[in-house]
>>> print(open('entry.pdb').read())   # PDB, C-alpha atoms
ATOM      1  CA  GLN A   1     -17.663  19.892 -28.900
ATOM      2  CA  VAL A   2     -15.221  19.548 -26.045
ATOM      3  CA  GLN A   3     -13.154  16.422 -25.510
ATOM      4  CA  VAL A   4     -10.984  15.546 -22.569
ATOM      5  CA  VAL A   5      -8.396  12.770 -22.885
ATOM      6  CA  GLU A   6      -6.181  11.377 -20.134
ATOM      7  CA  SER A   7      -2.967   9.390 -20.457
ATOM      8  CA  GLY A   8      -0.135   8.104 -18.320
ATOM      9  CA  GLY A   9      -1.684   5.578 -15.962
ATOM     10  CA  GLY A  10      -0.163   2.236 -15.145
ATOM     11  CA  LEU A  11       1.251  -0.052 -12.485
ATOM     12  CA  VAL A  12       3.776   1.334 -10.022
ATOM     13  CA  GLN A  13       5.332   0.038  -6.816
ATOM     14  CA  PRO A  14       4.655   1.710  -3.468
ATOM     15  CA  GLY A  15       6.935   4.711  -3.054
ATOM     16  CA  GLY A  16       7.191   5.171  -6.799
ATOM     17  CA  SER A  17       6.186   8.034  -9.058
ATOM     18  CA  LEU A  18       3.890   8.496 -12.012
ATOM     19  CA  ARG A  19       2.834  11.437 -14.169
ATOM     20  CA  LEU A  20      -0.610  11.773 -15.693
ATOM     21  CA  SER A  21      -1.502  14.083 -18.554
ATOM     22  CA  CYS A  22      -4.847  15.431 -19.680
ATOM     23  CA  THR A  23      -5.541  17.431 -22.816
ATOM     24  CA  ALA A  24      -8.750  19.256 -23.632
ATOM     25  CA  SER A  25      -9.739  20.054 -27.209
ATOM     26  CA  GLY A  26     -12.555  21.947 -28.869
ATOM     27  CA  THR A  27     -13.860  25.297 -27.672
ATOM     28  CA  ILE A  28     -11.819  26.056 -24.561
ATOM     29  CA  PHE A  29     -12.344  29.368 -22.812
ATOM     30  CA  SER A  30      -9.539  31.281 -21.148
ATOM     31  CA  VAL A  31     -11.205  31.062 -17.718
ATOM     32  CA  ASN A  32     -11.625  27.490 -16.554
ATOM     33  CA  VAL A  33     -10.703  24.924 -13.958
ATOM     34  CA  MET A  34      -9.057  21.620 -14.757
ATOM     35  CA  GLY A  35      -8.800  18.926 -12.179
ATOM     36  CA  TRP A  36      -8.066  15.327 -11.372
ATOM     37  CA  TYR A  37     -10.417  13.018  -9.513
ATOM     38  CA  ARG A  38     -10.074   9.370  -8.621
ATOM     39  CA  GLN A  39     -12.424   6.546  -7.865
ATOM     40  CA  ALA A  40     -11.403   3.403  -6.045
ATOM     41  CA  PRO A  41     -13.507   0.225  -6.227
ATOM     42  CA  GLY A  42     -16.567   0.560  -4.017
ATOM     43  CA  LYS A  43     -15.863   4.195  -3.202
ATOM     44  CA  GLU A  44     -17.134   7.530  -4.418
ATOM     45  CA  ARG A  45     -15.197   9.687  -6.816
ATOM     46  CA  GLU A  46     -13.032  12.188  -4.938
ATOM     47  CA  LEU A  47     -11.010  15.263  -5.780
ATOM     48  CA  VAL A  48      -7.264  14.735  -6.074
ATOM     49  CA  ALA A  49      -6.198  18.188  -7.254
ATOM     50  CA  ASP A  50      -7.447  21.039  -9.345
ATOM     51  CA  ILE A  51      -5.993  24.162 -10.871
ATOM     52  CA  SER A  52      -7.742  27.302 -11.995
ATOM     53  CA  THR A  53      -6.601  29.792 -14.590
ATOM     54  CA  ARG A  54      -7.213  32.484 -11.965
ATOM     55  CA  THR A  55      -7.107  31.232  -8.392
ATOM     56  CA  GLY A  56      -4.422  28.563  -8.220
ATOM     57  CA  THR A  57      -4.407  25.018  -6.916
ATOM     58  CA  VAL A  58      -6.417  22.915  -4.475
ATOM     59  CA  TYR A  59      -5.319  19.644  -2.872
ATOM     60  CA  PRO A  60      -6.997  17.469  -0.254
ATOM     61  CA  ASP A  61      -4.890  16.561   2.781
ATOM     62  CA  SER A  62      -4.508  12.981   1.546
ATOM     63  CA  VAL A  63      -2.211  14.031  -1.320
ATOM     64  CA  LYS A  64      -0.641  17.299  -0.096
ATOM     65  CA  GLY A  65       3.120  17.203  -0.367
ATOM     66  CA  ARG A  66       3.034  14.142  -2.636
ATOM     67  CA  PHE A  67       1.080  15.254  -5.705
ATOM     68  CA  THR A  68       1.616  18.343  -7.827
ATOM     69  CA  ILE A  69      -0.778  19.645 -10.448
ATOM     70  CA  SER A  70       0.367  21.997 -13.194
ATOM     71  CA  ARG A  71      -0.959  23.224 -16.495
ATOM     72  CA  ASP A  72       0.154  24.459 -19.882
ATOM     73  CA  ASN A  73      -2.540  26.866 -21.020
ATOM     74  CA  ALA A  74      -1.169  27.104 -24.549
ATOM     75  CA  LYS A  75      -1.727  23.350 -24.937
ATOM     76  CA  ASN A  76      -4.910  23.127 -22.816
ATOM     77  CA  THR A  77      -3.102  20.416 -20.908
ATOM     78  CA  VAL A  78      -2.922  19.646 -17.215
ATOM     79  CA  TYR A  79      -0.424  17.342 -15.540
ATOM     80  CA  LEU A  80      -0.489  15.451 -12.281
ATOM     81  CA  GLN A  81       2.901  14.481 -10.893
ATOM     82  CA  MET A  82       2.429  11.809  -8.247
ATOM     83  CA  SER A  83       5.229  10.814  -5.899
ATOM     84  CA  SER A  84       5.558   8.614  -2.820
ATOM     85  CA  LEU A  85       2.618   6.607  -4.087
ATOM     86  CA  LYS A  86       0.705   4.401  -1.684
ATOM     87  CA  PRO A  87      -1.572   1.400  -2.321
ATOM     88  CA  GLU A  88      -4.526   3.565  -1.272
ATOM     89  CA  ASP A  89      -3.816   5.838  -4.266
ATOM     90  CA  THR A  90      -5.017   3.022  -6.520
ATOM     91  CA  GLY A  91      -8.047   3.831  -8.640
ATOM     92  CA  VAL A  92      -9.293   5.197 -11.910
ATOM     93  CA  TYR A  93      -8.120   8.763 -12.352
ATOM     94  CA  TYR A  94     -10.430  11.103 -14.227
ATOM     95  CA  CYS A  95      -9.710  14.529 -15.638
ATOM     96  CA  LYS A  96     -12.382  17.210 -15.565
ATOM     97  CA  LEU A  97     -12.638  20.535 -17.365
ATOM     98  CA  SER A  98     -15.084  23.056 -15.910
ATOM     99  CA  GLN A  99     -16.044  26.145 -17.874
ATOM    100  CA  LEU A 100     -19.163  28.277 -18.176
ATOM    101  CA  PHE A 101     -21.056  26.096 -15.655
ATOM    102  CA  TYR A 102     -20.430  22.905 -17.669
ATOM    103  CA  ASP A 103     -18.236  19.957 -16.675
ATOM    104  CA  TYR A 104     -16.486  17.758 -19.210
ATOM    105  CA  TRP A 105     -15.020  14.448 -18.094
ATOM    106  CA  GLY A 106     -12.452  12.191 -19.631
ATOM    107  CA  GLN A 107     -12.786   8.415 -19.826
ATOM    108  CA  GLY A 108     -10.307   7.810 -17.028
ATOM    109  CA  THR A 109      -6.950   6.096 -16.693
ATOM    110  CA  GLN A 110      -6.141   3.290 -14.270
ATOM    111  CA  VAL A 111      -3.454   3.785 -11.639
ATOM    112  CA  THR A 112      -2.457   0.737  -9.615
ATOM    113  CA  VAL A 113       0.015   0.964  -6.756
ATOM    114  CA  SER A 114       1.129  -2.507  -5.783
ATOM    115  CA  SER A 115       4.230  -4.550  -5.138
TER     116      SER A 115
END
>>> encode(input="entry.pdb", output="structure tokens")
Amino acid sequence: QVQVVESGGGLVQPGGSLRLSCTASGTIFSVNVMGWYRQAPGKERELVADISTRTGTVYPDSVKGRFTISRDNAKNTVYLQMSSLKPEDTGVYYCKLSQLFYDYWGQGTQVTVSS
């Protein structure tokens, strides 16, 4: 069984920073992709950032230069450092582990950017 657990969400003012963490447990293979997605109310889930054990990182233009994804392979943990947060960054942030053609999702953590 594979489990994915996120932590670190909360309320932050515009312009502030927040760091999310995600840890995967169970049978984790050395080749995988871990990523962060978010879903705002009434909108579809969208990619925020992902990081592969082999090919590096991917960011959409909406977060480039503001968000940084990193990982600690020894701990099967991925981090998302978010800076210069905007109200439009508000949503539920989900972590996903992809390996051997399967996707494993966490339960999500709420991030609210508001004054």
>>> resolve_selection(input="entry.pdb", expression="the PyMOL selection byres ((chain A and resi 86) around 10)", output="PDB file with C-alpha atoms, keeping the file's coordinate frame")
ATOM      1  CA  VAL A  12       3.776   1.334 -10.022  1.00  0.00           C
ATOM      2  CA  GLN A  13       5.332   0.038  -6.816  1.00  0.00           C
ATOM      3  CA  PRO A  14       4.655   1.710  -3.468  1.00  0.00           C
ATOM      4  CA  GLY A  15       6.935   4.711  -3.054  1.00  0.00           C
ATOM      5  CA  GLY A  16       7.191   5.171  -6.799  1.00  0.00           C
ATOM      6  CA  SER A  17       6.186   8.034  -9.058  1.00  0.00           C
ATOM      7  CA  SER A  83       5.229  10.814  -5.899  1.00  0.00           C
ATOM      8  CA  SER A  84       5.558   8.614  -2.820  1.00  0.00           C
ATOM      9  CA  LEU A  85       2.618   6.607  -4.087  1.00  0.00           C
ATOM     10  CA  PRO A  87      -1.572   1.400  -2.321  1.00  0.00           C
ATOM     11  CA  GLU A  88      -4.526   3.565  -1.272  1.00  0.00           C
ATOM     12  CA  ASP A  89      -3.816   5.838  -4.266  1.00  0.00           C
ATOM     13  CA  THR A  90      -5.017   3.022  -6.520  1.00  0.00           C
ATOM     14  CA  THR A 112      -2.457   0.737  -9.615  1.00  0.00           C
ATOM     15  CA  VAL A 113       0.015   0.964  -6.756  1.00  0.00           C
ATOM     16  CA  SER A 114       1.129  -2.507  -5.783  1.00  0.00           C
TER      17      SER A 114
END
>>> resolve_selection(input="entry.pdb", expression="the PyMOL selection byres ((chain A and resi 52-58) around 10)", output="ChimeraX atom specification")
/A:30-35,47-51,59-61,64,68-71,73,97-98
>>> resolve_selection(input="entry.pdb", expression="the PyMOL selection byres ((chain A and resi 106) around 10)", output="VMD selection string")
chain A and resid 3 to 7 22 to 24 36 93 to 97 104 to 105 107 to 109
>>> closest_residue(input="entry.pdb", among="A:Thr27, A:Ser21, A:Arg45, A:Arg38", to="Gln110 in chain A", atoms="all atoms listed in the file")
A:Arg38
>>> closest_residue(input="entry.pdb", among="A:Arg19, A:Gly9, A:Ser25, A:Glu44", to="Lys75 in chain A", atoms="all atoms listed in the file")
A:Ser25
>>> closest_residue(input="entry.pdb", among="A:Gly91, A:Phe101, A:Val111, A:Gly65", to="Gly10 in chain A", atoms="all atoms listed in the file")
A:Val111
>>> atom_distance(input="entry.pdb", atom1="CA of Gly42 in chain A", atom2="CA of Ser62 in chain A")
18.2 Å
>>> atom_distance(input="entry.pdb", atom1="CA of Leu20 in chain A", atom2="CA of Leu80 in chain A")
5.0 Å
>>> atom_distance(input="entry.pdb", atom1="CA of Phe29 in chain A", atom2="CA of Asn76 in chain A")
9.7 Å
>>> decode(input="entry.pdb", residues="chain A", atoms="C-alpha atoms", output="CSV table (one decimal), in the first residue's frame")
chain,number,residue,atom,x,y,z
A,1,GLN,CA,0.0,0.0,0.0
A,2,VAL,CA,1.2,3.5,-0.8
A,3,GLN,CA,0.1,6.5,1.2
A,4,VAL,CA,0.7,10.1,0.5
A,5,VAL,CA,0.2,12.7,3.2
A,6,GLU,CA,0.5,16.5,2.9
A,7,SER,CA,1.0,19.1,5.6
A,8,GLY,CA,1.8,22.8,5.9
A,9,GLY,CA,-1.3,24.6,4.6
A,10,GLY,CA,-2.9,27.6,6.3
A,11,LEU,CA,-3.9,31.2,6.0
A,12,VAL,CA,-1.3,33.7,4.7
A,13,GLN,CA,-1.5,37.3,3.7
A,14,PRO,CA,-0.8,38.4,0.1
A,15,GLY,CA,2.9,38.7,-0.5
A,16,GLY,CA,3.6,36.1,2.2
A,17,SER,CA,5.3,32.7,2.1
A,18,LEU,CA,4.3,29.2,3.0
A,19,ARG,CA,6.0,25.8,2.7
A,20,LEU,CA,4.1,22.6,2.1
A,21,SER,CA,5.5,19.1,2.7
A,22,CYS,CA,4.4,15.8,1.3
A,23,THR,CA,5.6,12.4,2.4
A,24,ALA,CA,5.0,9.1,0.6
A,25,SER,CA,5.2,5.8,2.5
A,26,GLY,CA,4.9,2.1,1.5
A,27,THR,CA,6.5,0.6,-1.6
A,28,ILE,CA,8.2,3.5,-3.3
A,29,PHE,CA,10.3,2.9,-6.4
A,30,SER,CA,13.5,4.8,-7.1
A,31,VAL,CA,12.1,6.2,-10.4
A,32,ASN,CA,9.0,8.3,-9.8
A,33,VAL,CA,7.5,11.7,-10.1
A,34,MET,CA,6.1,13.7,-7.2
A,35,GLY,CA,4.1,16.8,-7.8
A,36,TRP,CA,1.8,19.4,-6.4
A,37,TYR,CA,-1.6,20.3,-7.8
A,38,ARG,CA,-4.2,22.7,-6.6
A,39,GLN,CA,-7.9,23.1,-7.0
A,40,ALA,CA,-9.8,26.4,-6.5
A,41,PRO,CA,-13.5,26.5,-5.9
A,42,GLY,CA,-15.4,26.0,-9.1
A,43,LYS,CA,-12.2,25.3,-11.1
A,44,GLU,CA,-10.4,22.2,-12.3
A,45,ARG,CA,-7.4,20.8,-10.6
A,46,GLU,CA,-4.2,22.2,-12.1
A,47,LEU,CA,-0.5,21.4,-11.9
A,48,VAL,CA,1.5,23.7,-9.7
A,49,ALA,CA,4.9,21.9,-9.9
A,50,ASP,CA,6.4,18.5,-10.2
A,51,ILE,CA,9.8,16.9,-9.8
A,52,SER,CA,11.1,13.7,-11.3
A,53,THR,CA,13.9,11.5,-9.9
A,54,ARG,CA,15.4,11.7,-13.4
A,55,THR,CA,14.3,14.7,-15.5
A,56,GLY,CA,14.0,17.6,-13.1
A,57,THR,CA,11.3,20.1,-12.4
A,58,VAL,CA,8.2,21.5,-14.2
A,59,TYR,CA,6.3,24.7,-13.4
A,60,PRO,CA,3.5,26.4,-15.2
A,61,ASP,CA,4.0,30.1,-16.0
A,62,SER,CA,1.6,31.1,-13.2
A,63,VAL,CA,4.0,30.1,-10.5
A,64,LYS,CA,7.4,30.4,-12.1
A,65,GLY,CA,9.8,32.5,-10.1
A,66,ARG,CA,7.5,32.3,-7.0
A,67,PHE,CA,7.3,28.6,-6.2
A,68,THR,CA,10.1,26.1,-5.8
A,69,ILE,CA,9.7,22.4,-5.6
A,70,SER,CA,12.4,20.2,-4.1
A,71,ARG,CA,12.6,16.6,-2.8
A,72,ASP,CA,14.5,14.5,-0.3
A,73,ASN,CA,14.6,11.0,-1.9
A,74,ALA,CA,15.9,9.4,1.3
A,75,LYS,CA,12.7,10.5,3.1
A,76,ASN,CA,10.4,10.1,0.1
A,77,THR,CA,9.4,13.7,0.8
A,78,VAL,CA,8.7,16.6,-1.5
A,79,TYR,CA,8.5,20.3,-0.5
A,80,LEU,CA,6.8,23.2,-2.1
A,81,GLN,CA,8.2,26.6,-1.1
A,82,MET,CA,5.7,29.3,-2.1
A,83,SER,CA,6.6,33.0,-2.0
A,84,SER,CA,5.0,36.2,-3.1
A,85,LEU,CA,1.6,34.5,-2.7
A,86,LYS,CA,-1.4,36.0,-4.4
A,87,PRO,CA,-5.1,35.6,-3.6
A,88,GLU,CA,-5.5,33.6,-6.8
A,89,ASP,CA,-3.1,31.0,-5.3
A,90,THR,CA,-5.9,30.0,-2.9
A,91,GLY,CA,-7.1,26.5,-3.1
A,92,VAL,CA,-6.7,22.9,-1.9
A,93,TYR,CA,-3.2,21.7,-2.6
A,94,TYR,CA,-2.8,18.0,-3.4
A,95,CYS,CA,0.3,16.0,-3.6
A,96,LYS,CA,0.6,13.2,-6.2
A,97,LEU,CA,3.1,10.3,-6.5
A,98,SER,CA,3.4,8.7,-9.9
A,99,GLN,CA,5.2,5.4,-10.3
A,100,LEU,CA,4.8,2.4,-12.6
A,101,PHE,CA,1.8,3.9,-14.4
A,102,TYR,CA,-0.1,4.4,-11.1
A,103,ASP,CA,-1.0,7.7,-9.4
A,104,TYR,CA,-1.4,8.1,-5.7
A,105,TRP,CA,-3.0,11.2,-4.3
A,106,GLY,CA,-3.0,12.8,-0.9
A,107,GLN,CA,-6.1,14.1,0.9
A,108,GLY,CA,-5.1,17.7,0.2
A,109,THR,CA,-4.2,20.7,2.4
A,110,GLN,CA,-6.0,24.1,2.3
A,111,VAL,CA,-4.0,27.2,1.4
A,112,THR,CA,-5.8,30.5,1.7
A,113,VAL,CA,-4.2,33.8,0.7
A,114,SER,CA,-6.2,36.7,2.1
A,115,SER,CA,-5.8,39.9,4.0
